[in-house]
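The next block holds one structure in the form of structure tokens; read it before the comments.
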Amino acid sequence: MTDFSRRAVIKATGVVGATLLPVALESQEASAQAPRPTPAQPTTYLFFNAEEAAFIEAAVARLIPADDKWPGALEAAVPNYIDKQLNGAWGAGERLYRSGPWQAGTPSQGYQLPFTPAELYRTAIAAINAELKAATPFAKMTGAEQDAYLHSLEGSGKDLGGVPSSVFFATLWDSTVEGFFSDPVYGGNRDMMAWRMIGFPGAYASYYDLVDHHGTTVTRAPTSLGEDVHGHVHADTTIPAHLP
Amino acid sequence: MAERLKPVDVVTVGVGMTGGIMGKELAAAGLKVVGLERGPMRDTVPDFQSPVIHDELRFAVRKALMQDNVKEAMTFRNSADQTALPMRRWAGFLPGNGLGGALVHWNGQTYRFQPADFIYKTHLEQRYGKDFVDPELTIQDWGATYEDLEPHYDRFEYLCGTSGKAGNLKGQIQPGGNPFEGARSREYPTPPMKEPYYGALFRKGAESLGYHPFPQPASTLSQPYTNPEGLKLQQCVFCGFCERFACEHFAKASPQTIVLPAALKNPNYELRTGCQVLRVNLDSTGKKATGVAYVNAAGQEFEQPADLVLITAFALNNVRMLLNSGIGKPYDPNTGEGVVGRNYAYQTVSSATVFYDDDVNINPFMASGSSGTVIDDFSGDNFDHGPQKFIGGAYIGSIMTNGRPIEFHPTPPGTPAWGLGWKQAVARHYNHTIALTVHGSSHPTRRNYLDLDPTYKDAWGLPLLRITFEFPDNDIRMSSYVTEKAAEIGRAMGGKTVVGTPRRPPYTTTVYQTTHNTGGAIMGNDPKTSPLNRYLQCWDVPNVFVVGASAFVHNATYNPTDTVGALTYWALAAIKDQYLKSPGPLVRT
Amino acid sequence: MTCVRRANAAAVITAIAVLGLAWSAASLAQGNKRPADPKHGAVIAAQGTANVPACAQCHAFSGASDSSGAFPRIAGQSAYYLEQQMHDFTASVRANAIMSPIAKALSADDIVDVAAYYAGNSDPFPPLASADAALVKEGQQLARLGNATKGIQACNNCHGPDGAGIPPAIPYLAGQYAQYIAFELQMWKRGFRKNSPESMAVIAQQLDERAIAAVAAFYQQARDPAVSASK
């Protein structure tokens with residue numbers, strides 16, 4: 001049985017008085033704010049070719065831009081997210097009823113085109129890049145010009161190789177929001193920066209003790225479903241897979 | 001060539017809530033039961049565990065637990081002058097798939113209908129006169145009354161362990177509960193859930209206006225509970241991944257947690273998963289079912305003979321099964337004749353959003369599927385409709401279920417749709433906003449109905465279900481009225497900006513509202529106006545019962561599940577006490 | 001493999017502590033406007049007060065206690081959780097022969113300060129041996145998936161990735177002493193520990209001796225980098 005006399009404790013820990021202080025407390029805000037910048041992981045595009053990637057990177061940077069407080073979609077690796085989605089089952093048309101005949105339908109009837117998401121992106125971006133080849137490629141426009149171009153895609157039904165531009169824009173916007181706010185295991189929301197921005201604590205969630213602390217401030221760092229006990233997020237989107 | 005299997009006493013088409021309860025009970029009564037479930041086997045451990053299940057993209061956005069549109073979709077049009085087109089992806093409503101059905105991924109909101117709902121036509125005529133109701137609405141009395149169903153509501157709530165506070169015990173109004181509810185024979189099995197901040201703020205606002213807030217009745221439980229089957233449920237921890245997700249904690253009433261283990265322990269009960277039932281087979285008279293035809297996951301065809309066929313596949317699939325089997329006369333909106341497919345209804349939901357300053361932390365991610373606070377003051381016929389030009393109503397609740405950011409990132413009017421202004425508004429408002437729910441009745445009309453699509457087919461070559469639906473003017477007027485009441489409450493809650501968003505036509509399948517699809521195989525007293533009698537038995541084919549919200553004559557203010565549970569036990573009682581003793585029509589006309 | 005580190009590489013130890021670190025200021029003392037004073041907490045930890053012995057006598061000054069497992073590791077535990085336990089020790093929900101008198105003899109401010117001090121300690125988790133690999137594996141199964149036959153959910157659902165905790169309210173288990181974990185589960189199972197009666201007591205009652213030993217063994221070694229890197 002250990003000797004708990006004060007002498008023994010002081011001897012064991014080398015403490016004299018109050019001079020030994022613990023490591024300075026990490027500022028509480030730091031865990032919720034954007035973390036110190038981590039080196040960007042190189043992205044391997046599996047679906048996008050170089051021209052498509054250039055368009056996507058420039059477009060998402062306008063859709064959710066960075067500012068001095070918080071990063072935007074580009075920093076959050078949203079192009080990587082979209083690339084991996086298009087290269088996977090969703091891009092190939094999982095859960096999409098794909099039989100014809102195809103008719104335009106009313107707005108209430110939703111998406112009625114034959115394109116899978118992969119086909120839709122590829123077709124639309126090819127048409128956009130072809131249209132802009134003679135003028136200025138999207139990635140080389142100024143920010144204001146890019147915004148104007150995106151607004152024109154959004155608002156008009158311009159035909160992009162069979163894809164109405166408004167349908168393409170809506171799909172791109174949905175993908176961007178998904179890539180920004182989904183779990184980082186899917187390749188976006190790098191460092192969970194979007195979750196830190198809004199204060200969403202992420203995948204591990206058990207709040208019985210706190211739900212009646214009305215108005216409490218939750219400042220812990222968010223958690224990914226792919227993180228281990230040390231806080232490393234296994235966000236590798238290629239094989240082999242790991243169980244969380 | 002289909003392989004003919006050994007006959008059994010009972011076959012259920014689908015093993016979700018209704019099929020699970022029916023199957024367990026009839027096996028316990030000594031019958032040989034086969035439950036055919038088209039989806040996969042799945043159980044709390046290991047399939048519903050965290051953190052894998054807490055994946056918004058996979059389950060909420062990509063809808064991993066839902067019916068696969070590749071194999072089987074449905075078609076939709078607002079009116080018969082349009083061509084119905086496939087719902088190529090689910091959005092507006094989400095039919096489930098898999099063992100346990102939609103009760104695996106529901107929110108747990110557990111409301112009884114009101115006594116007036118079951119004698120709706122009679123009640124409204126008595127109160128407002130014969131000319132008050134818009135003649136376009138095909139409302140009827142149901143054939144069973146609230147008093148008939150009360151013991152079965154009770155039984156279902158005790159199966160689930162529902163958490164709540166009774167407002168009316170045997171006619172005595174109880175403080176803390178809903179004073180407008182129909183009388184209960186006893187208290188809820190477990191006490192109400194803890195009230196989150198969004199509920200408390202609503203409570204104060206509602207009380208200040210003289211309304212009667214009460215805790216939402218929740219089948220996400222407030223405390224551990226052992227149900228009458230001996231199955232143990234645990235306490236909900238407000239994880240914020242309820243609807244569209246399965247519960248890892250054993251805290252949500254689902255077939256896996258409340259009834260299936262009891263069924264599976266009984267050697268009389270056999271579960272077969274991965275089995276897609278194509279049709280109910282009839283004999284040469286067309287008045288007797290001989291069993292069902294199904295295809296298993298490997299594509300092999302079987303015929304399962306059975307004495308009693310229970311169609312328990314979810315409301316929309318139930319109606320489609322009748323149509324594909326040739327049971328009952330299909331409804332024709334032009335002539336008004338026929339009964340299968342008529343009285344299809346939905347739910348009329350809207351919202352009011354309350355934006356606060358950023359010193360008010362709402363923490364929407366701390367939520368369960370059925371926590372929060374509600375008022376019933378504007379539901380059903382709880383207020384005098386004389387001055388209004390509509391029937392029906394809506395409950396108003398502060399019942400947010402989550403803060404999952406892909407789909408929840410509210411911004412006030414005037415916020416740009418994208419760009420820096422959007423991002424800044426999202427950051428500013430995410431944790432300081434309450435979305436109030438206005439959840440209202442949906443009345444059937446002559447022109448809203450279900451039938452088989454003439455063009456589009458499923459992976460097995462069978463016609464898809466076709467839905468023809470638009471909100472009747474009556475329900476749009478109701479929504480406008482009650483949404484304004486909700487916005488008033490929002491202002492009384494101290495919101496800095498309050499935005500009411502009433503439901504407006506056209507009905508769209510592109511924006512999620514609810515998966516409360518009702519009607520199409522309704523119960524009633526007259527074979528000319530319903531395919532089922534008051535016990536949910538087919539008039540035309542007495543050894544077929546059709547159990548689900550398809551039986552609803554109209555959809556009342558409330559979520560359907562509790563009433564589906566009550567009707568399940570009601571039909572079960574008729575089967576056990578009457579039908580099995582003397583098979584044949586239970587109601588003579 | 002792409003591992004995205006959540007915290008700065010220069011502060012590995014801090015990163016580990018951050019996981020167990022709740023906030024210090026906005027905790028149970030929500031109504032208490034006085035901010036926590038971890039330096040004062042260190043003094044109490046080292047010297048005690050007029051009425052209580054030094055926490056360090058049992059928990060060590062670092063909060064790592066010792067590997068006997070008789071006293072829990074409290075270094076890096078959520079301050080909110082430590083405060084809550086001290087509060088519970090003063091009530092009958094967690095009557096404890098050693099801690100109850102201590103908790104009662106400390107002022108509310110002292111408790112906040114000591115909790116803040118220990119919560120801020122970023123002492124490394126030493127690798128702790130586990131004799132029985134099969135037992136650890138069983139514990140891992142329970143921690144990550146639960147048990148279907150007994151109707152037990154995965155411990156990680158509430159206790160975080162392999163027991164890292166979900167601050168502020170849910171404590172870390174990873175790196176906690178097996179003997180202590182097992183002891184507390186027994187306390188819930190037998191009704192002696194009554195805080196969290198509706199979750200931990202219910203779960204503990206479903207665990208048999210082997211399961212208790214298994215989860216304890218698993219969580220004790222869960223922070224060993226050599227172990228958890230090899231999934």
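Simple scheme: letters A, B, ... for chains in structure tokens order, numbers from 1 for residues in each chain, numbers from 1 for ligands in the order shown.
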Taking only C-alpha atoms into account, report as a VMD selection string which residues of chain C lie within 12 Å of chain B.
-> chain C and resid 141 to 162 166 169 to 170 196 to 203 206
Where does DSSP see strand (DSSP E) in stretch 193-427 of chain B, if you list the residues as an NGL selection string?
-> :B and (214-215 or 225-226 or 232-233 or 269-273 or 276-282 or 289-295 or 301-311 or 348-355 or 373-375 or 394-398)
Using only C-alpha atoms, what does the table of chain B residues within 8 Å of chain A look like, with each row giving the shortest atom pair and its distance in Å to one decimal, sorted by chain and ascending number, as CSV?
```
residue,atom,partner,partner_atom,distance
B:Ser50,CA,A:Tyr204,CA,7.5
B:Pro51,CA,A:Leu225,CA,5.1
B:Val52,CA,A:Leu225,CA,6.2
B:His54,CA,A:Ala203,CA,5.3
B:Asp55,CA,A:Asp183,CA,6.9
B:Glu56,CA,A:Ser182,CA,6.8
B:Leu57,CA,A:Ser182,CA,5.9
B:Asp68,CA,A:Arg95,CA,5.3
B:Asn69,CA,A:Tyr97,CA,5.0
B:Val70,CA,A:Tyr97,CA,4.5
B:Lys71,CA,A:Tyr97,CA,7.4
B:Glu72,CA,A:Tyr97,CA,7.7
B:Ala73,CA,A:Tyr97,CA,6.7
B:Phe76,CA,A:Gln109,CA,6.7
B:Arg77,CA,A:Gln109,CA,6.9
B:Asn78,CA,A:Ser108,CA,7.8
B:Thr83,CA,A:Gly105,CA,7.8
B:Leu85,CA,A:Gln109,CA,6.7
B:Pro86,CA,A:Tyr97,CA,7.5
B:Met87,CA,A:Gln109,CA,6.9
B:Arg88,CA,A:Tyr97,CA,4.5
B:Arg89,CA,A:Leu96,CA,5.5
B:Lys194,CA,A:Asp212,CA,6.7
B:Glu195,CA,A:Asp212,CA,6.5
B:Pro196,CA,A:Val211,CA,5.5
B:Tyr197,CA,A:His214,CA,4.9
B:Cys236,CA,A:Tyr208,CA,7.4
B:Val237,CA,A:Tyr208,CA,4.5
B:Phe238,CA,A:Tyr207,CA,5.5
B:Cys239,CA,A:Ala205,CA,4.9
B:Gly240,CA,A:Ala205,CA,7.4
B:Val360,CA,A:Gly215,CA,6.1
B:Asn361,CA,A:Gly215,CA,4.5
B:Ile362,CA,A:Gly215,CA,5.9
B:Asn363,CA,A:Gly215,CA,7.3
B:Phe365,CA,A:Phe200,CA,7.1
B:Met366,CA,A:Tyr207,CA,5.9
B:Ala367,CA,A:Val211,CA,7.6
B:Gly403,CA,A:Phe200,CA,7.3
B:Arg404,CA,A:Phe200,CA,7.7
B:Pro405,CA,A:Phe181,CA,5.9
B:Ile406,CA,A:Phe181,CA,5.4
B:Trp418,CA,A:Leu63,CA,5.6
B:Gly419,CA,A:Leu63,CA,4.7
B:Leu420,CA,A:Pro65,CA,5.6
B:Trp422,CA,A:Ile64,CA,7.9
B:Lys423,CA,A:Ile64,CA,6.3
B:Val426,CA,A:Ile198,CA,7.3
B:Ala427,CA,A:Ile198,CA,4.9
B:Arg428,CA,A:Ile198,CA,7.6
B:Tyr430,CA,A:Ile198,CA,6.0
B:Asn431,CA,A:Ile198,CA,7.0
B:Tyr456,CA,A:Ser99,CA,7.7
B:Pro506,CA,A:Ser108,CA,7.2
B:Tyr507,CA,A:Ser108,CA,6.7
B:Thr508,CA,A:Ser108,CA,4.0
B:Thr509,CA,A:Ser108,CA,5.6
B:Thr510,CA,A:Gly110,CA,5.6
```
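Shortest atom-to-atom contact with A:His232 among C:Ala213, C:Ala164, C:Leu173, C:Cys55: C:Ala164, counting only C-alpha atoms.
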Could you pull out the helix (DSSP H, G or I) residues of stretch 114-224 of chain A from DSSP and send them as a PyMOL selection string?
-> chain A and resi 117-133+138-140+143-155+165-181+184-186+190-198
Just the residues within 6 Å of B:Val11, please, counting only C-alpha atoms, with nothing from its chain fewer than 2 positions along; format it as a PyMOL selection string.
-> chain B and resi 33-35+309
Go ahead and dump the residues you just picked, N, CA and C atoms, as a CSV table (one decimal), in the first residue's frame.
```csv
chain,number,residue,atom,x,y,z
B,33,VAL,N,-47.0,-19.1,-39.2
B,33,VAL,CA,-46.9,-17.8,-39.9
B,33,VAL,C,-45.6,-17.7,-40.6
B,34,VAL,N,-45.7,-17.2,-41.9
B,34,VAL,CA,-44.5,-16.8,-42.6
B,34,VAL,C,-44.6,-15.3,-42.9
B,35,GLY,N,-43.5,-14.6,-42.5
B,35,GLY,CA,-43.4,-13.2,-42.8
B,35,GLY,C,-42.4,-13.0,-43.9
B,309,VAL,N,-54.1,-14.1,-45.7
B,309,VAL,CA,-53.1,-13.2,-46.3
B,309,VAL,C,-53.3,-11.8,-45.7
```
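Comparing A:Thr43, A:Gly88, A:Gly157, A:Ala124 by their smallest distance to chain C, the closest is A:Thr43 (using only C-alpha atoms).
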With a distance cut-off of 9 Å and only C-alpha atoms, select the neighbouring residues of A:Ala139, excluding the residue or stretch itself and same-chain residues fewer than 2 positions from it, and output the selection as a ChimeraX atom specification.
-> /A:54-59,136-137,141-142,146
Atomic distance atom CA of B:Asp526 - atom CA of B:Phe118, expressed in Å with one decimal | 15.0 Å
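Distance check against chain A using only C-alpha atoms: of C:Ala46, C:Ala217, C:Ile102, C:Ala36, the minimum falls on C:Ala46.
For the atom pair formed by atom CA of B:Ala521 and atom CA of B:Trp460, the distance is 23.3 Å, given to one decimal.
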Long-range neighbours of B:Glu181 as a PyMOL selection string, 12 Å cut-off, only C-alpha atoms, 6 positions minimum in chain = chain B and resi 111-117+146+150+165-174+212+214+217+375-377+379-382+395+558
Just the residues within 10 Å of B:Lys6, please, counting only C-alpha atoms, with nothing from its chain fewer than 5 positions along; format it as a PDB file with N, CA and C atoms, in the first residue's frame.
```
ATOM      1  N   GLU B 303     -44.368 -19.818 -54.861  1.00  0.00           N
ATOM      2  CA  GLU B 303     -45.748 -19.599 -54.476  1.00  0.00           C
ATOM      3  C   GLU B 303     -45.872 -20.065 -53.036  1.00  0.00           C
ATOM      4  N   GLN B 304     -46.322 -19.160 -52.181  1.00  0.00           N
ATOM      5  CA  GLN B 304     -46.518 -19.522 -50.778  1.00  0.00           C
ATOM      6  C   GLN B 304     -48.020 -19.606 -50.516  1.00  0.00           C
ATOM      7  N   PRO B 305     -48.575 -20.828 -50.448  1.00  0.00           N
ATOM      8  CA  PRO B 305     -50.002 -20.933 -50.136  1.00  0.00           C
ATOM      9  C   PRO B 305     -50.251 -20.594 -48.666  1.00  0.00           C
ATOM     10  N   ALA B 306     -51.381 -19.958 -48.423  1.00  0.00           N
ATOM     11  CA  ALA B 306     -51.744 -19.598 -47.051  1.00  0.00           C
ATOM     12  C   ALA B 306     -53.246 -19.442 -46.964  1.00  0.00           C
TER      13      ALA B 306
END
```
